[in-house]
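Chemist: Sharing data-v1.cif here; it has mmCIF, C-alpha atoms and all ligand atoms.
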data_query
loop_
_atom_site.label_atom_id
_atom_site.label_comp_id
_atom_site.auth_asym_id
_atom_site.auth_seq_id
_atom_site.Cartn_x
_atom_site.Cartn_y
_atom_site.Cartn_z
CA MET A 1 98.46 -40.61 44.90
CA ALA A 2 101.01 -41.84 42.35
CA TYR A 3 101.27 -45.13 44.25
CA LYS A 4 97.48 -45.59 44.06
CA GLU A 5 97.55 -44.84 40.33
CA VAL A 6 100.26 -47.50 39.79
CA LEU A 7 98.19 -50.05 41.72
CA ARG A 8 95.07 -49.14 39.77
CA GLN A 9 96.85 -49.58 36.44
CA ALA A 10 98.39 -52.88 37.56
CA TRP A 11 94.95 -54.13 38.56
CA CYS A 12 93.45 -53.06 35.20
CA GLY A 13 96.23 -54.89 33.36
CA LEU A 14 95.78 -58.03 35.45
CA HIS A 15 92.02 -57.90 35.05
CA ARG A 16 92.43 -57.76 31.27
CA PHE A 17 94.77 -60.73 31.36
CA VAL A 18 92.55 -62.92 33.52
CA LEU A 19 89.06 -62.10 32.29
CA PRO A 20 87.91 -62.09 28.67
CA LEU A 21 86.24 -58.95 27.30
CA ARG A 22 82.48 -59.08 27.76
CA CYS A 23 79.89 -56.63 26.45
CA LEU A 24 78.56 -54.58 29.37
CA LEU A 25 75.26 -54.07 27.55
CA CYS A 26 74.30 -57.48 26.13
CA GLY A 27 76.79 -59.97 27.54
CA ALA A 28 78.22 -61.03 24.14
CA ALA A 29 81.99 -61.22 23.63
CA GLY A 30 83.71 -57.83 23.67
CA ALA A 31 85.44 -56.60 20.51
CA ASN A 32 88.27 -54.21 19.63
CA GLY A 33 89.84 -54.29 23.08
CA ILE A 34 86.79 -52.95 24.88
CA ASP A 35 84.02 -54.37 27.10
CA LEU A 36 81.41 -53.82 24.37
CA CYS A 37 80.48 -56.00 21.41
CA ALA A 38 80.80 -54.49 17.94
CA ASP A 39 77.00 -54.17 17.54
CA CYS A 40 76.43 -52.32 20.82
CA ALA A 41 79.47 -50.08 20.19
CA ALA A 42 78.05 -49.17 16.76
CA GLU A 43 74.74 -48.15 18.40
CA LEU A 44 76.35 -45.49 20.59
CA PRO A 45 75.00 -42.19 19.28
CA ARG A 46 77.68 -39.92 17.79
CA ASN A 47 77.19 -36.17 17.99
CA HIS A 48 78.09 -35.47 14.38
CA SER A 49 75.36 -32.99 13.54
CA CYS A 50 75.59 -30.33 16.21
CA CYS A 51 75.96 -26.61 16.89
CA ALA A 52 79.55 -25.56 16.15
CA ARG A 53 79.72 -23.47 19.32
CA CYS A 54 77.85 -25.37 22.05
CA ALA A 55 77.65 -28.89 20.50
CA LEU A 56 73.88 -29.07 20.97
CA PRO A 57 72.61 -32.01 18.91
CA LEU A 58 70.75 -30.73 15.85
CA ALA A 59 68.52 -32.63 13.45
CA THR A 60 70.06 -30.80 10.50
CA PRO A 61 73.56 -29.34 10.38
CA ALA A 62 73.75 -25.61 11.21
CA VAL A 63 76.62 -23.33 12.15
CA LEU A 64 74.92 -22.08 15.31
CA CYS A 65 71.86 -23.22 17.24
CA GLY A 66 69.11 -20.70 18.07
CA GLU A 67 70.37 -20.26 21.64
CA CYS A 68 73.96 -19.48 20.52
CA GLN A 69 72.65 -16.97 17.98
CA ARG A 70 70.96 -15.12 20.84
CA HIS A 71 73.59 -15.60 23.53
CA ALA A 72 76.82 -17.50 22.90
CA PRO A 73 78.28 -19.57 25.77
CA PRO A 74 81.45 -18.27 27.46
CA TRP A 75 83.73 -21.08 26.20
CA ASP A 76 85.67 -20.78 22.95
CA ALA A 77 85.05 -24.26 21.52
CA ALA A 78 83.25 -27.42 22.61
CA TRP A 79 84.17 -31.07 22.06
CA THR A 80 81.47 -33.61 22.92
CA PRO A 81 81.86 -36.61 20.59
CA PHE A 82 78.72 -38.50 21.73
CA ARG A 83 75.06 -37.76 22.35
CA TYR A 84 73.55 -38.62 25.69
CA GLY A 85 71.11 -41.25 24.47
CA TRP A 86 70.63 -45.00 24.34
CA PRO A 87 72.76 -47.00 25.01
CA LEU A 88 75.44 -44.57 26.18
CA ASP A 89 73.09 -43.20 28.87
CA ARG A 90 72.85 -46.67 30.37
CA LEU A 91 76.65 -47.04 30.59
CA GLU A 92 77.01 -43.53 31.98
CA SER A 93 74.43 -43.97 34.73
CA ARG A 94 75.97 -47.30 35.74
CA TYR A 95 79.35 -45.59 35.87
CA LYS A 96 78.19 -42.46 37.68
CA PHE A 97 75.59 -43.80 40.08
CA GLY A 98 76.25 -47.56 40.20
CA HIS A 99 80.01 -47.62 40.97
CA ASP A 100 80.53 -49.56 37.72
CA LEU A 101 84.11 -48.60 36.92
CA ALA A 102 84.27 -51.06 34.02
CA ALA A 103 81.58 -48.95 32.31
CA GLY A 104 83.72 -45.87 32.99
CA ARG A 105 86.77 -47.54 31.42
CA ALA A 106 84.75 -48.45 28.33
CA LEU A 107 83.45 -44.87 28.02
CA SER A 108 86.92 -43.45 28.45
CA THR A 109 88.35 -45.77 25.77
CA LEU A 110 85.54 -44.80 23.38
CA TRP A 111 86.32 -41.13 23.93
CA GLN A 112 90.06 -41.66 23.30
CA ARG A 113 89.25 -43.23 19.94
CA GLU A 114 87.24 -40.26 18.66
CA PRO A 115 89.02 -37.73 16.42
CA CYS A 116 90.29 -34.97 18.71
CA PRO A 117 90.24 -31.21 18.03
CA LEU A 118 93.17 -29.96 15.95
CA ASP A 119 93.90 -27.14 18.36
CA LEU A 120 94.57 -28.98 21.62
CA PRO A 121 94.80 -27.12 24.95
CA SER A 122 98.04 -27.07 26.94
CA MET A 123 96.21 -28.31 30.02
CA LEU A 124 93.08 -30.24 30.83
CA LEU A 125 91.12 -29.39 34.00
CA THR A 126 88.19 -31.30 35.44
CA VAL A 127 84.95 -30.06 36.99
CA PRO A 128 85.41 -30.74 40.70
CA LEU A 129 82.93 -32.47 42.97
CA HIS A 130 82.20 -31.05 46.39
CA ARG A 131 84.08 -33.07 49.02
CA SER A 132 80.80 -34.39 50.46
CA ARG A 133 79.80 -35.80 47.02
CA LEU A 134 83.32 -37.17 46.46
CA ARG A 135 83.17 -38.97 49.82
CA GLN A 136 79.79 -40.43 48.96
CA ARG A 137 80.71 -41.59 45.42
CA GLY A 138 84.34 -42.47 46.08
CA TYR A 139 85.59 -41.05 42.77
CA ASN A 140 85.14 -38.05 40.51
CA GLN A 141 83.53 -39.43 37.35
CA ALA A 142 84.95 -36.57 35.23
CA LEU A 143 88.50 -37.14 36.48
CA GLU A 144 88.44 -40.89 35.80
CA LEU A 145 87.43 -40.13 32.19
CA ALA A 146 90.01 -37.35 31.88
CA ARG A 147 93.07 -39.29 33.13
CA PRO A 148 93.44 -41.76 30.25
CA LEU A 149 92.31 -39.15 27.72
CA ALA A 150 94.97 -36.67 28.84
CA ARG A 151 97.59 -39.42 28.71
CA GLU A 152 96.53 -40.45 25.21
CA LEU A 153 96.56 -36.86 23.92
CA GLY A 154 99.78 -35.93 25.73
CA VAL A 155 98.08 -33.02 27.51
CA ALA A 156 98.84 -32.10 31.13
CA LEU A 157 96.00 -32.76 33.57
CA ARG A 158 95.11 -30.78 36.70
CA HIS A 159 92.17 -31.95 38.72
CA ASP A 160 92.62 -29.52 41.60
CA ALA A 161 92.72 -26.17 39.78
CA LEU A 162 89.09 -25.45 40.62
CA ARG A 163 87.35 -26.01 43.94
CA ARG A 164 83.65 -26.48 44.48
CA LEU A 165 82.86 -24.11 47.31
CA ARG A 166 79.48 -25.52 48.28
CA PRO A 167 77.49 -28.64 47.54
CA THR A 168 74.98 -27.94 44.77
CA GLU A 169 71.69 -29.66 44.18
CA ALA A 170 71.81 -32.43 41.56
CA GLN A 171 71.10 -30.70 38.24
CA THR A 172 69.07 -33.61 36.86
CA GLU A 173 65.68 -32.38 38.02
CA LEU A 174 66.27 -28.70 37.22
CA GLY A 175 65.36 -26.63 34.17
CA ALA A 176 67.87 -24.38 32.35
CA VAL A 177 67.34 -21.24 34.48
CA ASP A 178 67.49 -23.12 37.79
CA ARG A 179 70.62 -24.94 36.65
CA ARG A 180 72.39 -21.62 36.09
CA ARG A 181 71.24 -20.33 39.46
CA ASN A 182 72.24 -23.58 41.18
CA VAL A 183 75.92 -23.34 40.13
CA ARG A 184 76.39 -19.56 40.24
CA GLY A 185 79.35 -18.76 42.51
CA ALA A 186 79.89 -22.46 43.25
CA PHE A 187 83.49 -22.63 41.95
CA ALA A 188 86.74 -20.83 42.68
CA LEU A 189 90.27 -21.08 41.42
CA ARG A 190 92.71 -22.56 43.93
CA PRO A 191 94.96 -19.71 45.16
CA GLY A 192 98.46 -19.56 43.73
CA ILE A 193 97.76 -21.78 40.74
CA VAL A 194 99.31 -20.72 37.40
CA LEU A 195 97.45 -21.78 34.26
CA PRO A 196 98.54 -21.69 30.62
CA ALA A 197 96.82 -19.45 28.05
CA HIS A 198 94.76 -22.29 26.57
CA VAL A 199 93.00 -24.87 28.75
CA ALA A 200 89.99 -27.16 28.44
CA ILE A 201 87.59 -27.95 31.25
CA LEU A 202 86.13 -31.46 31.19
CA ASP A 203 82.91 -32.92 32.58
CA ASP A 204 81.25 -36.27 31.91
CA VAL A 205 77.96 -35.03 30.43
CA MET A 206 76.96 -31.57 29.23
CA THR A 207 73.22 -30.89 29.47
CA THR A 208 72.51 -27.15 29.44
CA GLY A 209 76.24 -26.47 29.89
CA ALA A 210 75.52 -24.41 33.04
CA THR A 211 78.19 -26.14 35.14
CA LEU A 212 80.88 -25.94 32.47
CA ALA A 213 79.94 -22.31 31.68
CA GLU A 214 80.33 -21.33 35.33
CA CYS A 215 83.79 -22.98 35.46
CA VAL A 216 84.77 -21.24 32.21
CA ARG A 217 83.76 -17.85 33.65
CA VAL A 218 85.94 -18.40 36.72
CA LEU A 219 88.90 -19.38 34.53
CA LYS A 220 88.46 -16.44 32.16
CA ARG A 221 88.10 -14.00 35.05
CA SER A 222 91.45 -15.27 36.32
CA GLY A 223 93.05 -14.39 32.99
CA VAL A 224 93.05 -17.62 30.96
CA ALA A 225 92.77 -16.45 27.33
CA ARG A 226 91.10 -19.50 25.83
CA VAL A 227 88.93 -22.09 27.57
CA ASP A 228 87.35 -25.02 25.71
CA ALA A 229 84.53 -27.15 27.13
CA TRP A 230 84.86 -30.91 26.80
CA ALA A 231 82.34 -33.57 27.72
CA LEU A 232 81.91 -37.19 26.72
CA ALA A 233 78.31 -36.62 25.70
CA ARG A 234 75.91 -33.77 25.02
CA ALA A 235 72.30 -34.12 26.09
CA PRO A 236 69.46 -32.49 24.21
CA GLN A 237 68.31 -29.23 25.79
CA PRO A 238 65.84 -29.81 28.64
CA ARG A 239 62.58 -27.87 28.35
ZN ZN B 1 76.64 -55.93 23.11
ZN ZN B 2 74.71 -23.68 20.21
#
Represent the supplied structure as structure tokens.
Ligand SMILES: [Zn+2]
Ligand SMILES: [Zn+2]

Modeler:
Amino acid sequence: MAYKEVLRQAWCGLHRFVLPLRCLLCGAAGANGIDLCADCAAELPRNHSCCARCALPLATPAVLCGECQRHAPPWDAAWTPFRYGWPLDRLESRYKFGHDLAAGRALSTLWQREPCPLDLPSMLLTVPLHRSRLRQRGYNQALELARPLARELGVALRHDALRRLRPTEAQTELGAVDRRRNVRGAFALRPGIVLPAHVAILDDVMTTGATLAECVRVLKRSGVARVDAWALARAPQPR
């Protein structure tokens, strides 16, 4: 595993040396050490005005969104620096469904450059894919985002703390209630694993938060005192 990581980093370094930076969205020259031009990078929607608890994008700043006032999510804090909208959605779908790892690297670099929470966790965990999905895709999109972020923040990373017990239907087509049902009981903590008192669980995109919430419940049931939910981008609530 470590050997593969060394090779991967060597290839990334070589790639940078040989090929000039090029904007993945418009083809112009890349800027600021990233495969995006300054104009396209500036268009990526930041999630500045959002619910303090679940990071739901809000038109006007509010402490809590309506949903959190009724029923707060199980995590203690959320960090989702971007909104899932144009043109970030295009990069994300190329990364997640089109095997475009350059788009993933750009997204990861963008995330590393956002101001991080003051109260960092002692360990970062990633939402696992079921082995059948991992075989099909070839990589876990959450883990590839988490690796450089954990390194940058100096936080330990564990990708194998949680296991996905069964393949779940893709959440994309499902409404909020079905999403919760779809992931209920889908995760378990790997036996014998010891976790610190404060961890964060990371996914690529948070939509209703059903997947992250289910992971948080498993972690809290196993005795972790504080669990934060991190995602690159937060989608607006599906109807
Ligand atoms: Zn561009
Ligand atoms: Zn909320």

Chemist: Between A:Leu145, A:Val183, A:Leu44, A:Ala229, single out the one closest to A:Ala102, counting all atoms listed in the file.

Modeler: A:Leu145

Chemist: List the spatial neighbours of A:Trp111 as a PDB file with C-alpha atoms, keeping the file's coordinate frame - criterion: any atom at most 8 Å away, all atoms listed in the file, same-chain residues fewer than 6 positions off excluded.

Modeler:
ATOM      1  CA  PRO A  81      81.860 -36.610  20.590  1.00  0.00           C
ATOM      2  CA  LEU A 149      92.310 -39.150  27.720  1.00  0.00           C
ATOM      3  CA  LEU A 232      81.910 -37.190  26.720  1.00  0.00           C
TER       4      LEU A 232
END

Chemist: Counting all atoms listed in the file, which residue out of A:Gly175, A:Pro20, A:Pro87, A:Pro191 sits closest to ligand ZN 1 (chain B)?

Modeler: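 Ranked by minimum distance to ligand ZN 1 (chain B), first place goes to A:Pro87.
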
Chemist: Between atom CA of A:Leu174 and atom CA of A:Glu67, what is the spacing in Å?

Modeler: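 Distance between the two atoms: 18.2 Å.
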
Chemist: Quick one: residues within 12 Å of ligand ZN 2 (chain B), with only C-alpha atoms and all ligand atoms, as an MDAnalysis selection string?

Modeler: chainID A and resid 49:58 61:78 207:209 234 236:237

Chemist: For ligand ZN 1 (chain B), which of A:Leu7, A:Phe97, A:Asn32, A:Asp39 is the closest residue, counting only C-alpha atoms and all ligand atoms?

Modeler: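 Of A:Leu7, A:Phe97, A:Asn32, A:Asp39, the one nearest ligand ZN 1 (chain B), counting only C-alpha atoms and all ligand atoms, is A:Asp39.
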
Chemist: Using 9 Å as the limit and counting all atoms listed in the file, can you tabulate each residue of chain A that touches ligand ZN 1 (chain B), with its shortest atom-to-atom distance in Å and the two atoms involved, as a Markdown table?

Modeler:
| residue | atom | partner | partner_atom | distance |
| --- | --- | --- | --- | --- |
| A:Arg22 | CA | B:ZN1 | ZN | 8.1 |
| A:Cys23 | CA | B:ZN1 | ZN | 4.7 |
| A:Leu24 | CA | B:ZN1 | ZN | 6.7 |
| A:Leu25 | CA | B:ZN1 | ZN | 5.0 |
| A:Cys26 | CA | B:ZN1 | ZN | 4.1 |
| A:Gly27 | CA | B:ZN1 | ZN | 6.0 |
| A:Ala28 | CA | B:ZN1 | ZN | 5.4 |
| A:Ala29 | CA | B:ZN1 | ZN | 7.5 |
| A:Gly30 | CA | B:ZN1 | ZN | 7.3 |
| A:Asp35 | CA | B:ZN1 | ZN | 8.5 |
| A:Leu36 | CA | B:ZN1 | ZN | 5.4 |
| A:Cys37 | CA | B:ZN1 | ZN | 4.2 |
| A:Ala38 | CA | B:ZN1 | ZN | 6.8 |
| A:Asp39 | CA | B:ZN1 | ZN | 5.9 |
| A:Cys40 | CA | B:ZN1 | ZN | 4.3 |
| A:Ala41 | CA | B:ZN1 | ZN | 7.1 |

Chemist: Near A:Gly185, within 10 Å and counting only C-alpha atoms, which residues show up once chain neighbours fewer than 2 positions away are dropped, as a PyMOL selection string?

Modeler: chain A and resi 164-166+180-183+187-188+214-215+217-218

Chemist: Got a sec: who's within 7 Å of A:Ala156, counting only C-alpha atoms, leaving out chain neighbours fewer than 4 positions off, as a list in words?

Modeler: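 Those residues are Ser122, Met123, Leu124 and Ala150 of chain A.
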
Chemist: Tell me, counting only C-alpha atoms, for each residue of stretch 56-119 of chain A within 12 Å of stretch 193-204 of chain A, which pair of atoms is nearest and how far apart they are in Å to one decimal, in rows ordered by chain and increasing number, as CSV.

Modeler:
residue,atom,partner,partner_atom,distance
A:Trp75,CA,A:Ala200,CA,9.0
A:Asp76,CA,A:Ala200,CA,9.5
A:Ala77,CA,A:Ala200,CA,9.0
A:Ala78,CA,A:Ala200,CA,8.9
A:Trp79,CA,A:Leu202,CA,9.3
A:Thr80,CA,A:Asp204,CA,9.4
A:Pro81,CA,A:Asp204,CA,11.3
A:Phe82,CA,A:Asp204,CA,10.7
A:Arg83,CA,A:Asp204,CA,11.5
A:Tyr84,CA,A:Asp204,CA,10.2
A:Leu88,CA,A:Asp204,CA,11.6
A:Asp89,CA,A:Asp204,CA,11.1
A:Leu91,CA,A:Asp204,CA,11.8
A:Glu92,CA,A:Asp204,CA,8.4
A:Ser93,CA,A:Asp204,CA,10.7
A:Tyr95,CA,A:Asp204,CA,10.3
A:Lys96,CA,A:Asp204,CA,9.0
A:Gly104,CA,A:Asp204,CA,10.0
A:Leu107,CA,A:Asp204,CA,9.7
A:Ser108,CA,A:Asp204,CA,9.8
A:Trp111,CA,A:Asp204,CA,10.6
A:Pro117,CA,A:Ala200,CA,11.2
A:Asp119,CA,A:His198,CA,9.6

Chemist: Which residue, A:Ala233, A:Gly138, A:Gln171, A:Thr60, has the smallest gap to A:Val205 when you use only C-alpha atoms?

Modeler: A:Ala233

Chemist: Report, in Å with one decimal, the straight-line distance from atom CA of A:Gln136 to atom CA of A:Met206.

Modeler: 21.8 Å

Chemist: With only C-alpha atoms as the counted atoms, please give the residues lying no more than 9 Å from A:Arg190, apart from itself and same-chain residues fewer than 5 positions off, as a list in words.

Modeler: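 Those residues are Asp160, Ala161, Leu162 and Arg163 of chain A.
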
Chemist: From the list A:His159, A:Arg147, A:His48, A:His130, which residue is nearest A:Thr109 when using only C-alpha atoms?

Modeler: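 Under the stated criterion, the closest residue is A:Arg147.
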
Chemist: Would you mind reading off the distance between atom CA of A:Ser132 and atom CA of A:Thr168, one decimal, in Å?

Modeler: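 Going from atom CA of A:Ser132 over to atom CA of A:Thr168, I get 10.4 Å.
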